[in-house]
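**Student:** Next up is a structure, given as structure tokens.
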Amino acid sequence: MEKVSSAVKLLINMAKTQAILNARLDRGLGGLGFSEFLILYHLSQAEDQKMRRVDLADKIGLTASGVTRLLLPMEKVHLIKNGPQEDDARVRSVILGAGGKQKLTEALERIEILAEDIISPVQAKKIDDISDFIVDLGGKVLMN
């Protein structure tokens with residue numbers, strides 16, 4: 001059996017945890033997948049609640065084509081809308097729709113409950129440190 005460093009074990013465990021967490025969140029958000037939730041959340045935080053597709057893809061960690069595949073059914077059920085980009089008519093923006101605002105409100109309530117169920121009060125004391133570590137790790141991944 002090959003020995004691996006604790007850093008490699010951490011990366012393996014993070015990947016496994018991410019897969020398990022995504023599956024649990026996909027089941028727990030009332031018909032909204034976690035990736036769709038992230039799209040609605042980031043749109044709600046954006047100026048004028050609109051973003052370019054490529055910027056949205058960067059925010060949620062998917063490719064632009066992956067985001068486009070997610071957006072098509074979201075547009076059909078009026079969670080988002082397409083609109084022109086003011087500074088470039090060839091580029092389309094994604095705009096948070098009224099249905100998306102409502103669905104996001106419901107999903108935020110659900111995800112708060114899920115977070116309380118997943119993260120124990122003892123672990124909650126470490127959240128800021130862990131979150132900072134993950135952000136730092138993400139920055140190092142992007143730099144290489």
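Within each chain, counting starts at residue 1; across the structure tokens, chains are named A, B, ... in the order shown, with ligands numbered 1 upward in that order.
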Please provide the set of residues having any atom within 10 Å of region 37-51 of chain A, restricted to only C-alpha atoms, with same-chain residues fewer than 6 positions apart removed, written as a VMD selection string.

**Tutor:** chain A and resid 25 to 26 29 57 59 to 61 67 70 to 71 74 79 to 83 85 92 to 97 100 to 101 103 to 105 107 to 108 111

**Student:** Would you write out those residues with C-alpha atoms, as a PDB file, in the first residue's frame?

**Tutor:**
ATOM      1  CA  LEU A  25     -27.905  19.554  -0.805  1.00  0.00           C
ATOM      2  CA  ASP A  26     -29.349  18.538  -4.194  1.00  0.00           C
ATOM      3  CA  LEU A  29     -33.353  22.254  -1.491  1.00  0.00           C
ATOM      4  CA  ALA A  57     -19.375  30.286 -14.254  1.00  0.00           C
ATOM      5  CA  LYS A  59     -18.307  32.218  -9.272  1.00  0.00           C
ATOM      6  CA  ILE A  60     -19.745  28.712  -9.066  1.00  0.00           C
ATOM      7  CA  GLY A  61     -16.759  26.783 -10.390  1.00  0.00           C
ATOM      8  CA  VAL A  67     -23.601  27.043 -16.743  1.00  0.00           C
ATOM      9  CA  LEU A  70     -28.093  24.748 -16.252  1.00  0.00           C
ATOM     10  CA  LEU A  71     -29.587  28.079 -17.296  1.00  0.00           C
ATOM     11  CA  MET A  74     -34.055  27.704 -15.239  1.00  0.00           C
ATOM     12  CA  LEU A  79     -36.115  31.603 -12.339  1.00  0.00           C
ATOM     13  CA  ILE A  80     -33.791  33.694 -14.511  1.00  0.00           C
ATOM     14  CA  LYS A  81     -34.037  35.865 -17.611  1.00  0.00           C
ATOM     15  CA  ASN A  82     -31.629  36.699 -20.392  1.00  0.00           C
ATOM     16  CA  GLY A  83     -30.791  40.268 -21.172  1.00  0.00           C
ATOM     17  CA  GLN A  85     -24.959  43.332 -21.630  1.00  0.00           C
ATOM     18  CA  ARG A  92     -25.958  38.181 -22.967  1.00  0.00           C
ATOM     19  CA  SER A  93     -26.480  38.712 -19.253  1.00  0.00           C
ATOM     20  CA  VAL A  94     -28.254  36.435 -16.831  1.00  0.00           C
ATOM     21  CA  ILE A  95     -30.791  38.290 -14.689  1.00  0.00           C
ATOM     22  CA  LEU A  96     -32.472  37.003 -11.550  1.00  0.00           C
ATOM     23  CA  GLY A  97     -36.203  36.631 -12.258  1.00  0.00           C
ATOM     24  CA  GLY A 100     -35.835  32.948  -8.905  1.00  0.00           C
ATOM     25  CA  LYS A 101     -36.086  35.417  -6.023  1.00  0.00           C
ATOM     26  CA  LYS A 103     -37.195  30.071  -5.027  1.00  0.00           C
ATOM     27  CA  LEU A 104     -33.965  31.475  -3.536  1.00  0.00           C
ATOM     28  CA  THR A 105     -35.820  32.668  -0.428  1.00  0.00           C
ATOM     29  CA  ALA A 107     -33.908  27.510  -0.620  1.00  0.00           C
ATOM     30  CA  LEU A 108     -32.092  29.792   1.847  1.00  0.00           C
ATOM     31  CA  ILE A 111     -30.103  25.382   3.462  1.00  0.00           C
TER      32      ILE A 111
END

**Student:** DSSP says strand (DSSP E or B) for which residues of chain A? Put them as a PyMOL selection string?

**Tutor:** chain A and resi 50-52+80-85+88-96

**Student:** Deliver the residues from the most recent selection as a file, using N, CA and C atoms, as a compact mmCIF listing (two decimals), in the first residue's frame.

**Tutor:**
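Saved as selection_15.txt:
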# COMPACT_ATOMS: atom_id res chain seq x y z
N LYS A 50 -27.64 40.93 -11.91
CA LYS A 50 -27.35 40.37 -13.23
C LYS A 50 -25.84 40.20 -13.39
N MET A 51 -25.49 39.17 -14.17
CA MET A 51 -24.09 38.84 -14.42
C MET A 51 -23.93 38.28 -15.82
N ARG A 52 -22.72 38.39 -16.34
CA ARG A 52 -22.40 37.70 -17.59
C ARG A 52 -22.26 36.21 -17.27
N ILE A 80 -34.72 32.69 -13.99
CA ILE A 80 -33.79 33.69 -14.51
C ILE A 80 -34.31 34.20 -15.85
N LYS A 81 -33.73 35.31 -16.29
CA LYS A 81 -34.04 35.87 -17.61
C LYS A 81 -32.72 36.18 -18.30
N ASN A 82 -32.77 36.25 -19.61
CA ASN A 82 -31.63 36.70 -20.39
C ASN A 82 -31.83 38.16 -20.72
N GLY A 83 -30.72 38.87 -20.79
CA GLY A 83 -30.79 40.27 -21.17
C GLY A 83 -29.49 40.69 -21.82
N PRO A 84 -29.51 41.83 -22.49
CA PRO A 84 -28.28 42.30 -23.13
C PRO A 84 -27.28 42.82 -22.09
N GLN A 85 -26.02 42.74 -22.44
CA GLN A 85 -24.96 43.33 -21.63
C GLN A 85 -24.78 44.76 -22.13
N ASP A 88 -21.61 45.56 -24.23
CA ASP A 88 -21.32 44.73 -25.39
C ASP A 88 -22.60 44.01 -25.82
N ALA A 89 -23.19 44.45 -26.90
CA ALA A 89 -24.48 43.91 -27.35
C ALA A 89 -24.39 42.44 -27.75
N ARG A 90 -23.19 41.95 -28.04
CA ARG A 90 -23.03 40.54 -28.43
C ARG A 90 -23.10 39.60 -27.24
N VAL A 91 -22.89 40.13 -26.04
CA VAL A 91 -22.85 39.33 -24.82
C VAL A 91 -24.21 39.40 -24.13
N ARG A 92 -24.68 38.25 -23.67
CA ARG A 92 -25.96 38.18 -22.97
C ARG A 92 -25.71 38.08 -21.47
N SER A 93 -26.54 38.77 -20.71
CA SER A 93 -26.48 38.71 -19.25
C SER A 93 -27.52 37.74 -18.74
N VAL A 94 -27.28 37.25 -17.54
CA VAL A 94 -28.25 36.43 -16.83
C VAL A 94 -28.81 37.32 -15.73
N ILE A 95 -30.13 37.41 -15.64
CA ILE A 95 -30.79 38.29 -14.69
C ILE A 95 -31.68 37.45 -13.78
N LEU A 96 -31.62 37.71 -12.51
CA LEU A 96 -32.47 37.00 -11.55
C LEU A 96 -33.93 37.39 -11.80

**Student:** Of the candidates A:Glu75, A:Ser5, A:Leu21, A:Asp132, which shows the shortest atom-to-atom distance to Phe34 (chain A), using only C-alpha atoms?

**Tutor:**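 Of A:Glu75, A:Ser5, A:Leu21, A:Asp132, the one nearest Phe34 (chain A), counting only C-alpha atoms, is A:Leu21.
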
**Student:** Between CA of Val54 (chain A) and CA of Thr68 (chain A), what is the distance in Å, rounded to a tenth?

**Tutor:** 9.4 Å

**Student:** What are the DSSP alpha helix (DSSP H) residues of region 22-109 of chain A, as a PDB file with C-alpha atoms, in the first residue's frame?

**Tutor:**
ATOM      1  CA  ASN A  22     -23.517  18.223  -3.103  1.00  0.00           C
ATOM      2  CA  ALA A  23     -25.733  15.131  -3.242  1.00  0.00           C
ATOM      3  CA  ARG A  24     -27.301  15.925   0.136  1.00  0.00           C
ATOM      4  CA  LEU A  25     -27.905  19.554  -0.805  1.00  0.00           C
ATOM      5  CA  ASP A  26     -29.349  18.538  -4.194  1.00  0.00           C
ATOM      6  CA  ARG A  27     -31.928  16.432  -2.324  1.00  0.00           C
ATOM      7  CA  GLY A  28     -32.664  19.024   0.356  1.00  0.00           C
ATOM      8  CA  PHE A  34     -27.191  22.999  -5.394  1.00  0.00           C
ATOM      9  CA  SER A  35     -25.653  24.400  -8.593  1.00  0.00           C
ATOM     10  CA  GLU A  36     -28.921  26.158  -9.414  1.00  0.00           C
ATOM     11  CA  PHE A  37     -29.008  27.481  -5.862  1.00  0.00           C
ATOM     12  CA  LEU A  38     -25.493  28.880  -6.314  1.00  0.00           C
ATOM     13  CA  ILE A  39     -26.544  30.587  -9.547  1.00  0.00           C
ATOM     14  CA  LEU A  40     -29.544  32.229  -7.880  1.00  0.00           C
ATOM     15  CA  TYR A  41     -27.495  33.187  -4.825  1.00  0.00           C
ATOM     16  CA  HIS A  42     -24.692  34.826  -6.814  1.00  0.00           C
ATOM     17  CA  LEU A  43     -27.172  36.655  -9.030  1.00  0.00           C
ATOM     18  CA  SER A  44     -28.925  37.973  -5.920  1.00  0.00           C
ATOM     19  CA  GLN A  45     -25.597  39.330  -4.660  1.00  0.00           C
ATOM     20  CA  ARG A  53     -22.479  33.920 -18.038  1.00  0.00           C
ATOM     21  CA  VAL A  54     -18.699  33.645 -17.910  1.00  0.00           C
ATOM     22  CA  ASP A  55     -18.573  35.568 -14.613  1.00  0.00           C
ATOM     23  CA  LEU A  56     -21.301  33.383 -13.186  1.00  0.00           C
ATOM     24  CA  ALA A  57     -19.375  30.286 -14.254  1.00  0.00           C
ATOM     25  CA  ASP A  58     -16.287  31.574 -12.432  1.00  0.00           C
ATOM     26  CA  LYS A  59     -18.307  32.218  -9.272  1.00  0.00           C
ATOM     27  CA  ILE A  60     -19.745  28.712  -9.066  1.00  0.00           C
ATOM     28  CA  ALA A  64     -19.399  28.577 -19.270  1.00  0.00           C
ATOM     29  CA  SER A  65     -21.002  25.752 -21.265  1.00  0.00           C
ATOM     30  CA  GLY A  66     -21.874  23.934 -18.037  1.00  0.00           C
ATOM     31  CA  VAL A  67     -23.601  27.043 -16.743  1.00  0.00           C
ATOM     32  CA  THR A  68     -25.437  27.484 -20.045  1.00  0.00           C
ATOM     33  CA  ARG A  69     -26.817  23.927 -19.744  1.00  0.00           C
ATOM     34  CA  LEU A  70     -28.093  24.748 -16.252  1.00  0.00           C
ATOM     35  CA  LEU A  71     -29.587  28.079 -17.296  1.00  0.00           C
ATOM     36  CA  LEU A  72     -31.818  26.803 -20.104  1.00  0.00           C
ATOM     37  CA  PRO A  73     -34.315  24.948 -17.870  1.00  0.00           C
ATOM     38  CA  MET A  74     -34.055  27.704 -15.239  1.00  0.00           C
ATOM     39  CA  GLU A  75     -35.153  30.242 -17.843  1.00  0.00           C
ATOM     40  CA  LYS A  76     -38.077  28.067 -18.950  1.00  0.00           C
ATOM     41  CA  ALA A  98     -39.097  37.073  -9.851  1.00  0.00           C
ATOM     42  CA  GLY A  99     -39.535  33.292  -9.682  1.00  0.00           C
ATOM     43  CA  GLY A 100     -35.835  32.948  -8.905  1.00  0.00           C
ATOM     44  CA  LYS A 101     -36.086  35.417  -6.023  1.00  0.00           C
ATOM     45  CA  GLN A 102     -38.932  33.419  -4.503  1.00  0.00           C
ATOM     46  CA  LYS A 103     -37.195  30.071  -5.027  1.00  0.00           C
ATOM     47  CA  LEU A 104     -33.965  31.475  -3.536  1.00  0.00           C
ATOM     48  CA  THR A 105     -35.820  32.668  -0.428  1.00  0.00           C
ATOM     49  CA  GLU A 106     -37.268  29.180   0.057  1.00  0.00           C
ATOM     50  CA  ALA A 107     -33.908  27.510  -0.620  1.00  0.00           C
ATOM     51  CA  LEU A 108     -32.092  29.792   1.847  1.00  0.00           C
ATOM     52  CA  GLU A 109     -34.500  28.707   4.584  1.00  0.00           C
TER      53      GLU A 109
END

**Student:** If you measure from CA of Met14 (chain A) to CA of Phe133 (chain A), what distance in Å do you get, rounded to one decimal?

**Tutor:**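 Atom-to-atom, CA of Met14 (chain A) and CA of Phe133 (chain A) are spaced 12.2 Å apart.
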
**Student:** With only C-alpha atoms as the atoms that count, which of A:Arg110, A:Leu32, A:Leu62, A:Pro121 lies nearest to Val77 (chain A)?

**Tutor:**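 Smallest separation from Val77 (chain A) among the options: A:Leu32.
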
**Student:** So the first atom is CA of Gln18 (chain A) and the second is CA of Ile118 (chain A); what is the distance between them in Å, to one decimal place?

**Tutor:** 12.8 Å
